[in-house]
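Engineer: Got a structure for you, written out below as structure tokens; questions coming shortly.
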Amino acid sequence: MTFRMGCAVWSHKGWVGGLFPPASKSSEFLRLYAARMHNVEGNTTFYATPSAETVLKWRDETPESFRFCLKIPQTISHHGTLTDNIGATQAFVERMAPLGARLGPLFLQLPPGFALRHIEHLANWLAAWPRTHQISVEVRHPDWYTEHGEATLTALLEQYQAGHCLMDVRPLDLGDLPGAEADLQRARDHKPQVPMRPWVTSSLVLVRYISHPDTVRNQALWNEWHARIATWLAAGVTVYFFMHCPVENRSPDHARIFYRQLQQRVAIPDLPWDALQTPEQTTLF
């Protein structure tokens, strides 16, 4: 039974004094983050493939238990066809390979224009995907959210033991919050308004939850997710959960609250963040 919690990024100055100790330097952020969370959604690789030296640096600054869940570069997913980009995909995976056990499930975010009629390219791409690494797929075109589209995609992902990467944007419709209106609107403008379809393929699911900045307004949806995750875990599904928030300062706290509440339903170990003892705590003993 595996549940892993993380955020969308590992480097955010607003986390200093919260997730990160006071006076932490940006050069320490990855090491500090990896000591507190299980995984990270690696959006950075969507925009640029890191150098070989950077990959080794990531490896050396994180414990072996940590997982980088990296996004396939947009040059592969959004430019040309997936069939044409199979070679580039293999080169990307090879670049990431030095992460070893730290390389978690990667995920392919398909562009909004990638419709059901393009499924042959996805099938070709998945057929060539190296079985040494897990892959998860996120779709955005409305075709995939019909009964036929969902069934077709489910069958394809199951055929290649690929996971489903799903996004929950419902919290963005829970109303504005004084002081966060611009952040919420920016998230609404950039996140796809896709239906929430929590179907699972293979034994892997990645969840991208876009939380409302007001903690309390998330609670009903969190309760729903806790029950669903408990069912998945009991069935042997591995769950990677990523807590996004339009007000990024709040993402770690929301992740921590969500995780502690989930612990009331299922037997999962403490979040690494909660297991840490600060120097101040140590003096109390």
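By convention in this document, the chains of the structure tokens carry letters A, B, ... by their order, each chain's residues are numbered from 1, and ligands are numbered from 1 in the order they are shown.
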List the neighbours of His79 (chain A) out to 12 Å using only C-alpha atoms; skip same-chain residues closer than 3 positions along the sequence, and give me the result as a PyMOL selection string.

Structural biologist: chain A and resi 72-76+82-85+88+110-111+113-114

Engineer: Dump C-alpha atoms for the selected residues as an mmCIF file, in the first residue's frame?

Structural biologist:
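See selection_5.cif below for the written result:
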data_model
loop_
_atom_site.group_PDB
_atom_site.id
_atom_site.type_symbol
_atom_site.label_atom_id
_atom_site.label_comp_id
_atom_site.auth_asym_id
_atom_site.auth_seq_id
_atom_site.Cartn_x
_atom_site.Cartn_y
_atom_site.Cartn_z
ATOM 1 C CA ILE A 72 7.649 14.731 -20.715
ATOM 2 C CA PRO A 73 9.050 17.814 -22.541
ATOM 3 C CA GLN A 74 6.609 19.872 -24.568
ATOM 4 C CA THR A 75 8.884 19.472 -27.587
ATOM 5 C CA ILE A 76 7.736 15.841 -27.536
ATOM 6 C CA LEU A 82 4.190 11.436 -30.843
ATOM 7 C CA THR A 83 5.137 8.867 -33.457
ATOM 8 C CA ASP A 84 7.773 11.194 -34.887
ATOM 9 C CA ASN A 85 9.065 11.979 -31.385
ATOM 10 C CA ALA A 88 13.453 12.125 -28.686
ATOM 11 C CA LEU A 110 -1.269 15.761 -24.003
ATOM 12 C CA PRO A 111 -2.222 19.140 -25.508
ATOM 13 C CA GLY A 113 -5.961 19.574 -29.371
ATOM 14 C CA PHE A 114 -4.939 15.922 -29.010
#

Engineer: Excluding same-chain residues fewer than 2 positions from region 102-105 of chain A, what lies within 12 Å of it counting only C-alpha atoms, as a PDB file with N, CA and C atoms, in the first residue's frame?

Structural biologist:
ATOM      1  N   ARG A   4       2.007   8.529  -1.926  1.00  0.00           N
ATOM      2  CA  ARG A   4       3.097   9.500  -1.904  1.00  0.00           C
ATOM      3  C   ARG A   4       2.549  10.902  -2.114  1.00  0.00           C
ATOM      4  N   ALA A  34      13.162  17.583  -0.372  1.00  0.00           N
ATOM      5  CA  ALA A  34      13.203  16.122  -0.473  1.00  0.00           C
ATOM      6  C   ALA A  34      13.258  15.441   0.886  1.00  0.00           C
ATOM      7  N   HIS A  38       7.465  13.340  -0.210  1.00  0.00           N
ATOM      8  CA  HIS A  38       7.808  12.071  -0.859  1.00  0.00           C
ATOM      9  C   HIS A  38       8.244  12.244  -2.308  1.00  0.00           C
ATOM     10  N   ASN A  39       7.667  13.218  -2.988  1.00  0.00           N
ATOM     11  CA  ASN A  39       7.881  13.351  -4.422  1.00  0.00           C
ATOM     12  C   ASN A  39       7.593  14.781  -4.857  1.00  0.00           C
ATOM     13  N   VAL A  40       7.908  15.065  -6.113  1.00  0.00           N
ATOM     14  CA  VAL A  40       7.627  16.373  -6.681  1.00  0.00           C
ATOM     15  C   VAL A  40       7.161  16.184  -8.112  1.00  0.00           C
ATOM     16  N   GLU A  41       6.238  17.023  -8.529  1.00  0.00           N
ATOM     17  CA  GLU A  41       5.795  17.030  -9.918  1.00  0.00           C
ATOM     18  C   GLU A  41       6.792  17.886 -10.690  1.00  0.00           C
ATOM     19  N   GLY A  42       7.574  17.271 -11.532  1.00  0.00           N
ATOM     20  CA  GLY A  42       8.683  17.968 -12.184  1.00  0.00           C
ATOM     21  C   GLY A  42       8.276  18.740 -13.414  1.00  0.00           C
ATOM     22  N   VAL A  55      21.151  16.634 -13.662  1.00  0.00           N
ATOM     23  CA  VAL A  55      20.508  15.385 -13.243  1.00  0.00           C
ATOM     24  C   VAL A  55      21.299  14.735 -12.110  1.00  0.00           C
ATOM     25  N   LEU A  56      22.613  14.725 -12.228  1.00  0.00           N
ATOM     26  CA  LEU A  56      23.449  14.149 -11.169  1.00  0.00           C
ATOM     27  C   LEU A  56      23.334  14.963  -9.883  1.00  0.00           C
ATOM     28  N   TRP A  58      20.667  16.642  -8.927  1.00  0.00           N
ATOM     29  CA  TRP A  58      19.384  16.263  -8.330  1.00  0.00           C
ATOM     30  C   TRP A  58      19.519  14.950  -7.573  1.00  0.00           C
ATOM     31  N   ARG A  59      20.206  14.002  -8.158  1.00  0.00           N
ATOM     32  CA  ARG A  59      20.383  12.693  -7.516  1.00  0.00           C
ATOM     33  C   ARG A  59      21.130  12.839  -6.195  1.00  0.00           C
ATOM     34  N   ASP A  60      22.192  13.612  -6.220  1.00  0.00           N
ATOM     35  CA  ASP A  60      23.059  13.709  -5.050  1.00  0.00           C
ATOM     36  C   ASP A  60      22.424  14.502  -3.907  1.00  0.00           C
ATOM     37  N   GLU A  61      21.427  15.333  -4.211  1.00  0.00           N
ATOM     38  CA  GLU A  61      20.819  16.182  -3.184  1.00  0.00           C
ATOM     39  C   GLU A  61      19.541  15.587  -2.595  1.00  0.00           C
ATOM     40  N   THR A  62      19.193  14.368  -3.001  1.00  0.00           N
ATOM     41  CA  THR A  62      17.944  13.772  -2.535  1.00  0.00           C
ATOM     42  C   THR A  62      18.172  12.359  -2.016  1.00  0.00           C
ATOM     43  N   PRO A  63      17.364  11.934  -1.050  1.00  0.00           N
ATOM     44  CA  PRO A  63      17.484  10.551  -0.557  1.00  0.00           C
ATOM     45  C   PRO A  63      16.943   9.571  -1.586  1.00  0.00           C
ATOM     46  N   GLU A  64      17.358   8.335  -1.514  1.00  0.00           N
ATOM     47  CA  GLU A  64      16.937   7.333  -2.490  1.00  0.00           C
ATOM     48  C   GLU A  64      15.437   7.080  -2.424  1.00  0.00           C
ATOM     49  N   SER A  65      14.818   7.408  -1.310  1.00  0.00           N
ATOM     50  CA  SER A  65      13.380   7.195  -1.163  1.00  0.00           C
ATOM     51  C   SER A  65      12.546   8.249  -1.890  1.00  0.00           C
ATOM     52  N   PHE A  66      13.184   9.344  -2.295  1.00  0.00           N
ATOM     53  CA  PHE A  66      12.471  10.441  -2.946  1.00  0.00           C
ATOM     54  C   PHE A  66      12.190  10.095  -4.411  1.00  0.00           C
ATOM     55  N   ARG A  67      11.100  10.684  -4.961  1.00  0.00           N
ATOM     56  CA  ARG A  67      10.742  10.408  -6.349  1.00  0.00           C
ATOM     57  C   ARG A  67      10.521  11.705  -7.137  1.00  0.00           C
ATOM     58  N   PHE A  68      11.220  11.794  -8.266  1.00  0.00           N
ATOM     59  CA  PHE A  68      10.975  12.855  -9.239  1.00  0.00           C
ATOM     60  C   PHE A  68       9.948  12.328 -10.239  1.00  0.00           C
ATOM     61  N   CYS A  69       8.791  12.948 -10.308  1.00  0.00           N
ATOM     62  CA  CYS A  69       7.758  12.559 -11.275  1.00  0.00           C
ATOM     63  C   CYS A  69       7.772  13.599 -12.395  1.00  0.00           C
ATOM     64  N   LEU A  70       8.593  13.360 -13.384  1.00  0.00           N
ATOM     65  CA  LEU A  70       8.925  14.377 -14.373  1.00  0.00           C
ATOM     66  C   LEU A  70       7.950  14.382 -15.545  1.00  0.00           C
ATOM     67  N   LYS A  71       7.658  15.581 -16.015  1.00  0.00           N
ATOM     68  CA  LYS A  71       6.773  15.741 -17.158  1.00  0.00           C
ATOM     69  C   LYS A  71       7.568  15.613 -18.457  1.00  0.00           C
ATOM     70  N   ILE A  72       7.019  14.877 -19.403  1.00  0.00           N
ATOM     71  CA  ILE A  72       7.649  14.731 -20.715  1.00  0.00           C
ATOM     72  C   ILE A  72       7.740  16.115 -21.371  1.00  0.00           C
ATOM     73  N   VAL A  93      14.490   9.936 -21.675  1.00  0.00           N
ATOM     74  CA  VAL A  93      14.520   8.944 -20.604  1.00  0.00           C
ATOM     75  C   VAL A  93      15.964   8.567 -20.264  1.00  0.00           C
ATOM     76  N   GLU A  94      16.789   8.430 -21.270  1.00  0.00           N
ATOM     77  CA  GLU A  94      18.202   8.122 -21.033  1.00  0.00           C
ATOM     78  C   GLU A  94      18.882   9.241 -20.245  1.00  0.00           C
ATOM     79  N   ARG A  95      18.532  10.493 -20.534  1.00  0.00           N
ATOM     80  CA  ARG A  95      19.120  11.608 -19.783  1.00  0.00           C
ATOM     81  C   ARG A  95      18.720  11.543 -18.313  1.00  0.00           C
ATOM     82  N   MET A  96      17.507  11.111 -18.039  1.00  0.00           N
ATOM     83  CA  MET A  96      17.014  11.058 -16.655  1.00  0.00           C
ATOM     84  C   MET A  96      17.461   9.799 -15.914  1.00  0.00           C
ATOM     85  N   ALA A  97      17.943   8.799 -16.640  1.00  0.00           N
ATOM     86  CA  ALA A  97      18.263   7.496 -16.052  1.00  0.00           C
ATOM     87  C   ALA A  97      19.215   7.548 -14.864  1.00  0.00           C
ATOM     88  N   PRO A  98      20.207   8.467 -14.814  1.00  0.00           N
ATOM     89  CA  PRO A  98      21.102   8.497 -13.657  1.00  0.00           C
ATOM     90  C   PRO A  98      20.395   8.745 -12.322  1.00  0.00           C
ATOM     91  N   LEU A  99      19.145   9.188 -12.356  1.00  0.00           N
ATOM     92  CA  LEU A  99      18.401   9.352 -11.102  1.00  0.00           C
ATOM     93  C   LEU A  99      18.155   8.002 -10.431  1.00  0.00           C
ATOM     94  N   GLY A 100      18.219   6.934 -11.206  1.00  0.00           N
ATOM     95  CA  GLY A 100      18.048   5.599 -10.633  1.00  0.00           C
ATOM     96  C   GLY A 100      16.697   5.431  -9.972  1.00  0.00           C
ATOM     97  N   PHE A 107       5.145  11.533 -16.591  1.00  0.00           N
ATOM     98  CA  PHE A 107       3.804  11.674 -17.130  1.00  0.00           C
ATOM     99  C   PHE A 107       3.781  12.524 -18.383  1.00  0.00           C
ATOM    100  N   LEU A 108       2.938  12.066 -19.293  1.00  0.00           N
ATOM    101  CA  LEU A 108       2.747  12.693 -20.588  1.00  0.00           C
ATOM    102  C   LEU A 108       1.482  13.523 -20.528  1.00  0.00           C
ATOM    103  N   PRO A 130       9.881   2.588 -22.788  1.00  0.00           N
ATOM    104  CA  PRO A 130      10.686   1.568 -22.095  1.00  0.00           C
ATOM    105  C   PRO A 130       9.970   1.027 -20.862  1.00  0.00           C
ATOM    106  N   ARG A 131       9.835  -0.277 -20.786  1.00  0.00           N
ATOM    107  CA  ARG A 131       9.101  -0.901 -19.682  1.00  0.00           C
ATOM    108  C   ARG A 131       9.838  -0.811 -18.347  1.00  0.00           C
ATOM    109  N   THR A 132      11.055  -0.302 -18.364  1.00  0.00           N
ATOM    110  CA  THR A 132      11.809  -0.136 -17.121  1.00  0.00           C
ATOM    111  C   THR A 132      11.310   1.048 -16.307  1.00  0.00           C
ATOM    112  N   HIS A 133      10.460   1.879 -16.896  1.00  0.00           N
ATOM    113  CA  HIS A 133       9.967   3.074 -16.214  1.00  0.00           C
ATOM    114  C   HIS A 133       8.450   3.149 -16.331  1.00  0.00           C
ATOM    115  N   GLN A 134       7.821   3.627 -15.275  1.00  0.00           N
ATOM    116  CA  GLN A 134       6.374   3.809 -15.299  1.00  0.00           C
ATOM    117  C   GLN A 134       6.022   5.101 -16.034  1.00  0.00           C
ATOM    118  N   ILE A 135       4.887   5.085 -16.702  1.00  0.00           N
ATOM    119  CA  ILE A 135       4.405   6.270 -17.400  1.00  0.00           C
ATOM    120  C   ILE A 135       2.927   6.460 -17.098  1.00  0.00           C
ATOM    121  N   SER A 136       2.504   7.719 -17.022  1.00  0.00           N
ATOM    122  CA  SER A 136       1.112   8.063 -16.799  1.00  0.00           C
ATOM    123  C   SER A 136       0.718   9.101 -17.849  1.00  0.00           C
ATOM    124  N   VAL A 137      -0.544   9.104 -18.232  1.00  0.00           N
ATOM    125  CA  VAL A 137      -1.011   9.957 -19.327  1.00  0.00           C
ATOM    126  C   VAL A 137      -2.161  10.850 -18.853  1.00  0.00           C
ATOM    127  N   GLN A 161       0.057  -0.992 -19.591  1.00  0.00           N
ATOM    128  CA  GLN A 161       0.275  -0.823 -18.150  1.00  0.00           C
ATOM    129  C   GLN A 161       0.666   0.613 -17.807  1.00  0.00           C
ATOM    130  N   ALA A 162       0.030   1.547 -18.474  1.00  0.00           N
ATOM    131  CA  ALA A 162       0.249   2.968 -18.219  1.00  0.00           C
ATOM    132  C   ALA A 162      -0.794   3.471 -17.234  1.00  0.00           C
ATOM    133  N   GLY A 163      -0.401   4.422 -16.413  1.00  0.00           N
ATOM    134  CA  GLY A 163      -1.308   4.978 -15.430  1.00  0.00           C
ATOM    135  C   GLY A 163      -2.124   6.126 -15.994  1.00  0.00           C
ATOM    136  N   HIS A 164      -3.105   6.555 -15.229  1.00  0.00           N
ATOM    137  CA  HIS A 164      -3.939   7.699 -15.579  1.00  0.00           C
ATOM    138  C   HIS A 164      -3.523   8.863 -14.691  1.00  0.00           C
ATOM    139  N   CYS A 165      -3.203   9.979 -15.316  1.00  0.00           N
ATOM    140  CA  CYS A 165      -2.897  11.203 -14.572  1.00  0.00           C
ATOM    141  C   CYS A 165      -4.120  12.088 -14.653  1.00  0.00           C
ATOM    142  N   SER A 203      -1.852  -0.274 -12.063  1.00  0.00           N
ATOM    143  CA  SER A 203      -1.801  -0.187 -10.602  1.00  0.00           C
ATOM    144  C   SER A 203      -1.251   1.161 -10.157  1.00  0.00           C
ATOM    145  N   LEU A 204      -1.411   2.184 -11.036  1.00  0.00           N
ATOM    146  CA  LEU A 204      -0.816   3.489 -10.777  1.00  0.00           C
ATOM    147  C   LEU A 204      -1.781   4.601 -11.130  1.00  0.00           C
ATOM    148  N   VAL A 205      -1.858   5.606 -10.267  1.00  0.00           N
ATOM    149  CA  VAL A 205      -2.617   6.811 -10.587  1.00  0.00           C
ATOM    150  C   VAL A 205      -1.872   8.015 -10.039  1.00  0.00           C
ATOM    151  N   LEU A 206      -1.820   9.084 -10.838  1.00  0.00           N
ATOM    152  CA  LEU A 206      -1.268  10.357 -10.409  1.00  0.00           C
ATOM    153  C   LEU A 206      -2.424  11.346 -10.308  1.00  0.00           C
ATOM    154  N   THR A 238      -1.088   2.156  -6.441  1.00  0.00           N
ATOM    155  CA  THR A 238      -0.118   3.124  -5.929  1.00  0.00           C
ATOM    156  C   THR A 238      -0.571   4.524  -6.334  1.00  0.00           C
ATOM    157  N   VAL A 239      -0.639   5.427  -5.364  1.00  0.00           N
ATOM    158  CA  VAL A 239      -1.165   6.769  -5.599  1.00  0.00           C
ATOM    159  C   VAL A 239      -0.086   7.817  -5.357  1.00  0.00           C
ATOM    160  N   TYR A 240       0.145   8.632  -6.366  1.00  0.00           N
ATOM    161  CA  TYR A 240       0.994   9.815  -6.242  1.00  0.00           C
ATOM    162  C   TYR A 240       0.072  11.023  -6.254  1.00  0.00           C
ATOM    163  N   PHE A 241       0.126  11.814  -5.197  1.00  0.00           N
ATOM    164  CA  PHE A 241      -0.782  12.955  -5.052  1.00  0.00           C
ATOM    165  C   PHE A 241       0.045  14.239  -5.025  1.00  0.00           C
TER     166      PHE A 241
END

Engineer: Between A:Asp214, A:Val266, A:Thr154, A:Met37, which one has atoms that come closest to Ala8 (chain A), using only C-alpha atoms?

Structural biologist: A:Met37

Engineer: Could you find all residues in region 4-139 of chain A that DSSP calls strand (DSSP E or B) from the backbone, and write them as a compact mmCIF listing (two decimals) with N, CA and C atoms, in the first residue's frame?

Structural biologist:
# COMPACT_ATOMS: atom_id res chain seq x y z
N ARG A 4 2.01 8.53 -1.93
CA ARG A 4 3.10 9.50 -1.90
C ARG A 4 2.55 10.90 -2.11
N MET A 5 3.01 11.83 -1.29
CA MET A 5 2.53 13.22 -1.32
C MET A 5 3.63 14.16 -1.77
N GLY A 6 3.26 15.14 -2.57
CA GLY A 6 4.22 16.16 -2.98
C GLY A 6 3.52 17.40 -3.50
N CYS A 7 4.32 18.35 -3.95
CA CYS A 7 3.81 19.59 -4.53
C CYS A 7 4.24 19.66 -5.99
N VAL A 16 10.07 29.55 2.86
CA VAL A 16 11.08 29.76 3.91
C VAL A 16 10.37 30.24 5.18
N PHE A 20 10.39 25.22 4.81
CA PHE A 20 11.84 25.32 4.97
C PHE A 20 12.17 26.12 6.23
N ASN A 39 7.67 13.22 -2.99
CA ASN A 39 7.88 13.35 -4.42
C ASN A 39 7.59 14.78 -4.86
N VAL A 40 7.91 15.07 -6.11
CA VAL A 40 7.63 16.37 -6.68
C VAL A 40 7.16 16.18 -8.11
N GLU A 41 6.24 17.02 -8.53
CA GLU A 41 5.80 17.03 -9.92
C GLU A 41 6.79 17.89 -10.69
N GLY A 42 7.57 17.27 -11.53
CA GLY A 42 8.68 17.97 -12.18
C GLY A 42 8.28 18.74 -13.41
N ARG A 67 11.10 10.68 -4.96
CA ARG A 67 10.74 10.41 -6.35
C ARG A 67 10.52 11.70 -7.14
N PHE A 68 11.22 11.79 -8.27
CA PHE A 68 10.98 12.85 -9.24
C PHE A 68 9.95 12.33 -10.24
N CYS A 69 8.79 12.95 -10.31
CA CYS A 69 7.76 12.56 -11.27
C CYS A 69 7.77 13.60 -12.40
N LEU A 70 8.59 13.36 -13.38
CA LEU A 70 8.92 14.38 -14.37
C LEU A 70 7.95 14.38 -15.55
N LYS A 71 7.66 15.58 -16.02
CA LYS A 71 6.77 15.74 -17.16
C LYS A 71 7.57 15.61 -18.46
N LEU A 103 13.91 8.17 -9.88
CA LEU A 103 13.06 8.49 -11.02
C LEU A 103 11.72 7.77 -10.86
N LEU A 106 6.91 8.94 -14.80
CA LEU A 106 6.89 10.14 -15.62
C LEU A 106 5.47 10.32 -16.13
N PHE A 107 5.14 11.53 -16.59
CA PHE A 107 3.80 11.67 -17.13
C PHE A 107 3.78 12.52 -18.38
N LEU A 108 2.94 12.07 -19.29
CA LEU A 108 2.75 12.69 -20.59
C LEU A 108 1.48 13.52 -20.53
N GLN A 109 1.64 14.84 -20.64
CA GLN A 109 0.49 15.74 -20.65
C GLN A 109 0.18 16.08 -22.11
N ILE A 135 4.89 5.09 -16.70
CA ILE A 135 4.41 6.27 -17.40
C ILE A 135 2.93 6.46 -17.10
N SER A 136 2.50 7.72 -17.02
CA SER A 136 1.11 8.06 -16.80
C SER A 136 0.72 9.10 -17.85
N VAL A 137 -0.54 9.10 -18.23
CA VAL A 137 -1.01 9.96 -19.33
C VAL A 137 -2.16 10.85 -18.85
N GLU A 138 -2.06 12.14 -19.19
CA GLU A 138 -3.12 13.10 -18.89
C GLU A 138 -3.70 13.61 -20.21

Engineer: As a PyMOL selection string, please: every residue in region 23-255 of chain A that a backbone DSSP assignment puts in alpha helix (DSSP H).

Structural biologist: chain A and resi 29-34+44-47+52-60+74-77+86-96+119-128+147-159+181-190+219-234+251-255

Engineer: One decimal, Å: what's the distance from CA of Trp129 (chain A) over to CA of Thr81 (chain A), could you say?

Structural biologist: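 Answer for the CA of Trp129 (chain A) to CA of Thr81 (chain A) separation: 14.9 Å.
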
Engineer: Identify which of the residues A:Lys191, A:Arg265, A:Arg256, A:Arg170 lies closest to Arg36 (chain A), counting only C-alpha atoms when measuring atom-to-atom distances.

Structural biologist: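 When distances to Arg36 (chain A) are compared using only C-alpha atoms, the smallest one comes from A:Arg256.
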
Engineer: My list of candidates is A:Ala151, A:Ala52, A:Leu233, A:Leu157. Which is closest to Ala91 (chain A) when distances are computed with only C-alpha atoms?

Structural biologist: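 Residue with the minimum atom-to-atom distance to Ala91 (chain A): A:Ala52.
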
Engineer: What separation in Å, quoted to one decimal, exists between CA of Leu276 (chain A) and CA of Lys57 (chain A)?

Structural biologist: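 For CA of Leu276 (chain A) relative to CA of Lys57 (chain A), the distance reads 23.3 Å.
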
Engineer: Give me, please, the distance in Å between CA of Tyr33 (chain A) and CA of His254 (chain A), quoted to one decimal.

Structural biologist: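 Atom-to-atom, CA of Tyr33 (chain A) to CA of His254 (chain A), that is 15.0 Å.
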
Engineer: Have a look at A:His78, A:Arg117, A:Lys25, A:Arg208 and name the one nearest to Met167 (chain A); count only C-alpha atoms.

Structural biologist: A:Arg208

Engineer: If you count only C-alpha atoms, which residues fall within 12 Å of Asp176 (chain A), apart from same-chain ones fewer than 6 positions away, as a VMD selection string?

Structural biologist: chain A and resid 182 to 188 212 to 214 217 246
